[in-house]
Every structure is written in structure tokens, then in C-alpha cells.
Amino acid sequence: MSTEFAVRHDEDACALETWQEGHRGILTYVLQSDGGATVMTIDHTGVPVAARGRGMAGALVAAAFEIARQHGWRVRPSCSYAAAWARRHPQVGDLLT
């Protein structure tokens with residue numbers, strides 16, 4: 001079963017969040033310049049234990065990669081979940097640094 005998540009991007013906080021049944025999922029990142037390119041380093045993806053396995057973390061990471069693509073940023077997934085997600089989704093390989 002596929003569940004759609006509304007992901008909110010707080011650019012000032014460098015964070016994305018989504019909610020489901022009272023549970024908040026969050027992804028945080030840091031923007032840095034690397035040789036003239038902007039790099040989004042995903043440093044944390046968190047979902048409460050009670051909400052795991054529903055696709056919440058995947059929706060957050062997918063949204064982060066889409067935001068990076070829209071802005072022309074490269075992505076460094078330093079969070080273990082984001083790195084594993086990127087390995088399973090070769091279509092984002094062109095964004096990886």
C-alpha cells in the first residue's frame with residue numbers, strides 16, 4: 001500500500017518534515033559550497049518508532065533529492081538512511097557527490 005505524505009520544507013531551518021497520525025518525521029541538512037557547487041549534506045532522517053515502515057522516511061528523502069534537483073544542488077547523504085535510500089534509487093545518482 002502506497003501512502004502519500006505532505007512534506008513541508010523549512011528553508012530557514014534547513015529541514016523537511018511530515019506528519020502522519022500524530023507522528024512527526026524530520027530530515028535535516030546543511031548547505032555548503034564545494035568548488036563552486038552547492039552541496040546539500042543530509043545529516044539526519046528521523047521517524048518515531050511507532051511510525052516506521054510506512055514510507056515516511058523515504059518520502060522525506062525523496063523530497064530532499066527533488067528540492068536539490070530543482071535548485072541545481074549536489075547531494076551528500078551522510079545519514080545512513082539517506083545513503084541506503086540513494087543506493088536503492090539509481091535515478092538520483094547524477095546528484096550524488
# chains A, B, ... in the order shown; residues from 1 in each chain; ligands from 1
$ residues_around --residues "range 79-89 of chain A" --least-positions-apart "4" --cutoff "10 Å" --atoms "only C-alpha atoms" --output "PDB file with C-alpha atoms, in the first residue's frame"
ATOM      1  CA  LEU A  27      15.034  15.350   7.754  1.00  0.00           C
ATOM      2  CA  THR A  28      17.762  17.934   8.311  1.00  0.00           C
ATOM      3  CA  TYR A  29      20.518  19.065   6.012  1.00  0.00           C
ATOM      4  CA  THR A  41      24.501  17.248   3.052  1.00  0.00           C
ATOM      5  CA  ILE A  42      21.631  15.219   4.505  1.00  0.00           C
ATOM      6  CA  ASP A  43      22.740  14.702   8.085  1.00  0.00           C
ATOM      7  CA  HIS A  44      19.650  13.269   9.793  1.00  0.00           C
ATOM      8  CA  THR A  45      16.428  11.479   8.947  1.00  0.00           C
ATOM      9  CA  GLY A  46      14.231  10.626  11.908  1.00  0.00           C
ATOM     10  CA  ALA A  57      11.443   8.498   5.862  1.00  0.00           C
ATOM     11  CA  GLY A  58      11.509   7.587   2.178  1.00  0.00           C
ATOM     12  CA  LEU A  60      11.347  12.874   3.220  1.00  0.00           C
ATOM     13  CA  VAL A  61      14.497  11.744   1.410  1.00  0.00           C
ATOM     14  CA  ALA A  62      12.752  11.717  -1.980  1.00  0.00           C
ATOM     15  CA  ALA A  64      15.066  16.369  -0.353  1.00  0.00           C
ATOM     16  CA  PHE A  65      16.503  14.990  -3.588  1.00  0.00           C
ATOM     17  CA  VAL A  75      23.673  15.802  -2.565  1.00  0.00           C
ATOM     18  CA  GLY A  93      22.821   9.036  -8.908  1.00  0.00           C
ATOM     19  CA  LEU A  95      23.025  14.302  -7.927  1.00  0.00           C
ATOM     20  CA  LEU A  96      25.411  12.436  -5.642  1.00  0.00           C
TER      21      LEU A  96
END
$ closest_atom_pairs --of "range 19-85 of chain A" --to "range 3-10 of chain A" --cutoff "9 Å" --atoms "only C-alpha atoms" --output "Markdown table"
| residue | atom | partner | partner_atom | distance |
| --- | --- | --- | --- | --- |
| A:Trp19 | CA | A:Phe5 | CA | 7.5 |
| A:Gln20 | CA | A:Phe5 | CA | 7.7 |
| A:Arg54 | CA | A:Thr3 | CA | 7.4 |
| A:Gly55 | CA | A:Thr3 | CA | 7.1 |
| A:Met56 | CA | A:Phe5 | CA | 7.0 |
| A:Ala59 | CA | A:Phe5 | CA | 6.6 |
| A:Leu60 | CA | A:Val7 | CA | 6.7 |
| A:Ala63 | CA | A:Val7 | CA | 7.2 |
| A:Ala64 | CA | A:His9 | CA | 8.7 |
| A:Ile67 | CA | A:His9 | CA | 8.9 |
$ atom_distance --atom1 "CA of His71 in chain A" --atom2 "CA of Pro90 in chain A"
19.4 Å
$ select_by_dssp --residues "range 2-97 of chain A" --states "alpha helix (DSSP H)" --output "list in words"
Met56, Ala57, Gly58, Ala59, Leu60, Val61, Ala62, Ala63, Ala64, Phe65, Glu66, Ile67, Ala68, Arg69, Gln70, His71, Ser80, Tyr81, Ala82, Ala83, Ala84, Trp85, Ala86, Arg87 and Arg88 of chain A
$ write_last_selection --atoms "N, CA and C atoms" --output "PDB file, in the first residue's frame"
ATOM      1  N   MET A  56       7.432   6.990   5.543  1.00  0.00           N
ATOM      2  CA  MET A  56       7.625   8.383   5.931  1.00  0.00           C
ATOM      3  C   MET A  56       9.057   8.860   5.653  1.00  0.00           C
ATOM      4  N   ALA A  57      10.047   8.100   6.068  1.00  0.00           N
ATOM      5  CA  ALA A  57      11.443   8.498   5.862  1.00  0.00           C
ATOM      6  C   ALA A  57      11.769   8.554   4.372  1.00  0.00           C
ATOM      7  N   GLY A  58      11.275   7.593   3.618  1.00  0.00           N
ATOM      8  CA  GLY A  58      11.509   7.587   2.178  1.00  0.00           C
ATOM      9  C   GLY A  58      10.921   8.815   1.496  1.00  0.00           C
ATOM     10  N   ALA A  59       9.740   9.222   1.939  1.00  0.00           N
ATOM     11  CA  ALA A  59       9.111  10.423   1.371  1.00  0.00           C
ATOM     12  C   ALA A  59       9.941  11.664   1.662  1.00  0.00           C
ATOM     13  N   LEU A  60      10.502  11.734   2.859  1.00  0.00           N
ATOM     14  CA  LEU A  60      11.347  12.874   3.220  1.00  0.00           C
ATOM     15  C   LEU A  60      12.607  12.920   2.361  1.00  0.00           C
ATOM     16  N   VAL A  61      13.263  11.786   2.195  1.00  0.00           N
ATOM     17  CA  VAL A  61      14.497  11.744   1.410  1.00  0.00           C
ATOM     18  C   VAL A  61      14.193  12.025  -0.064  1.00  0.00           C
ATOM     19  N   ALA A  62      13.128  11.453  -0.587  1.00  0.00           N
ATOM     20  CA  ALA A  62      12.752  11.717  -1.980  1.00  0.00           C
ATOM     21  C   ALA A  62      12.493  13.202  -2.185  1.00  0.00           C
ATOM     22  N   ALA A  63      11.819  13.834  -1.241  1.00  0.00           N
ATOM     23  CA  ALA A  63      11.546  15.274  -1.337  1.00  0.00           C
ATOM     24  C   ALA A  63      12.842  16.074  -1.288  1.00  0.00           C
ATOM     25  N   ALA A  64      13.785  15.670  -0.442  1.00  0.00           N
ATOM     26  CA  ALA A  64      15.066  16.369  -0.353  1.00  0.00           C
ATOM     27  C   ALA A  64      15.809  16.296  -1.680  1.00  0.00           C
ATOM     28  N   PHE A  65      15.831  15.122  -2.302  1.00  0.00           N
ATOM     29  CA  PHE A  65      16.503  14.990  -3.588  1.00  0.00           C
ATOM     30  C   PHE A  65      15.793  15.815  -4.660  1.00  0.00           C
ATOM     31  N   GLU A  66      14.485  15.884  -4.620  1.00  0.00           N
ATOM     32  CA  GLU A  66      13.742  16.687  -5.588  1.00  0.00           C
ATOM     33  C   GLU A  66      14.051  18.178  -5.398  1.00  0.00           C
ATOM     34  N   ILE A  67      14.127  18.622  -4.163  1.00  0.00           N
ATOM     35  CA  ILE A  67      14.483  20.016  -3.887  1.00  0.00           C
ATOM     36  C   ILE A  67      15.884  20.306  -4.403  1.00  0.00           C
ATOM     37  N   ALA A  68      16.815  19.397  -4.154  1.00  0.00           N
ATOM     38  CA  ALA A  68      18.183  19.567  -4.642  1.00  0.00           C
ATOM     39  C   ALA A  68      18.201  19.672  -6.172  1.00  0.00           C
ATOM     40  N   ARG A  69      17.441  18.807  -6.836  1.00  0.00           N
ATOM     41  CA  ARG A  69      17.390  18.830  -8.297  1.00  0.00           C
ATOM     42  C   ARG A  69      16.827  20.169  -8.785  1.00  0.00           C
ATOM     43  N   GLN A  70      15.775  20.641  -8.168  1.00  0.00           N
ATOM     44  CA  GLN A  70      15.158  21.910  -8.572  1.00  0.00           C
ATOM     45  C   GLN A  70      16.109  23.096  -8.415  1.00  0.00           C
ATOM     46  N   HIS A  71      16.967  23.039  -7.401  1.00  0.00           N
ATOM     47  CA  HIS A  71      17.899  24.137  -7.137  1.00  0.00           C
ATOM     48  C   HIS A  71      19.257  23.960  -7.822  1.00  0.00           C
ATOM     49  N   SER A  80      22.779   7.531   7.398  1.00  0.00           N
ATOM     50  CA  SER A  80      22.777   6.156   6.886  1.00  0.00           C
ATOM     51  C   SER A  80      21.489   5.813   6.127  1.00  0.00           C
ATOM     52  N   TYR A  81      20.347   6.315   6.593  1.00  0.00           N
ATOM     53  CA  TYR A  81      19.097   6.014   5.888  1.00  0.00           C
ATOM     54  C   TYR A  81      19.101   6.655   4.504  1.00  0.00           C
ATOM     55  N   ALA A  82      19.501   7.929   4.425  1.00  0.00           N
ATOM     56  CA  ALA A  82      19.516   8.630   3.135  1.00  0.00           C
ATOM     57  C   ALA A  82      20.495   7.967   2.174  1.00  0.00           C
ATOM     58  N   ALA A  83      21.644   7.512   2.674  1.00  0.00           N
ATOM     59  CA  ALA A  83      22.625   6.832   1.823  1.00  0.00           C
ATOM     60  C   ALA A  83      22.049   5.528   1.282  1.00  0.00           C
ATOM     61  N   ALA A  84      21.386   4.760   2.128  1.00  0.00           N
ATOM     62  CA  ALA A  84      20.776   3.494   1.694  1.00  0.00           C
ATOM     63  C   ALA A  84      19.659   3.763   0.682  1.00  0.00           C
ATOM     64  N   TRP A  85      18.862   4.803   0.930  1.00  0.00           N
ATOM     65  CA  TRP A  85      17.781   5.167   0.010  1.00  0.00           C
ATOM     66  C   TRP A  85      18.360   5.509  -1.355  1.00  0.00           C
ATOM     67  N   ALA A  86      19.437   6.299  -1.377  1.00  0.00           N
ATOM     68  CA  ALA A  86      20.059   6.705  -2.638  1.00  0.00           C
ATOM     69  C   ALA A  86      20.589   5.493  -3.406  1.00  0.00           C
ATOM     70  N   ARG A  87      21.141   4.510  -2.700  1.00  0.00           N
ATOM     71  CA  ARG A  87      21.631   3.288  -3.372  1.00  0.00           C
ATOM     72  C   ARG A  87      20.486   2.526  -4.026  1.00  0.00           C
ATOM     73  N   ARG A  88      19.307   2.564  -3.414  1.00  0.00           N
ATOM     74  CA  ARG A  88      18.139   1.852  -3.960  1.00  0.00           C
ATOM     75  C   ARG A  88      17.435   2.634  -5.074  1.00  0.00           C
TER      76      ARG A  88
END
$ atom_distance --atom1 "CA of Arg76 in chain A" --atom2 "CA of Thr97 in chain A"
5.5 Å
$ select_by_dssp --residues "chain A" --states "strand (DSSP E or B)" --output "PyMOL selection string"
chain A and resi 8-10+15-20+23-34+37-46+74-77+96
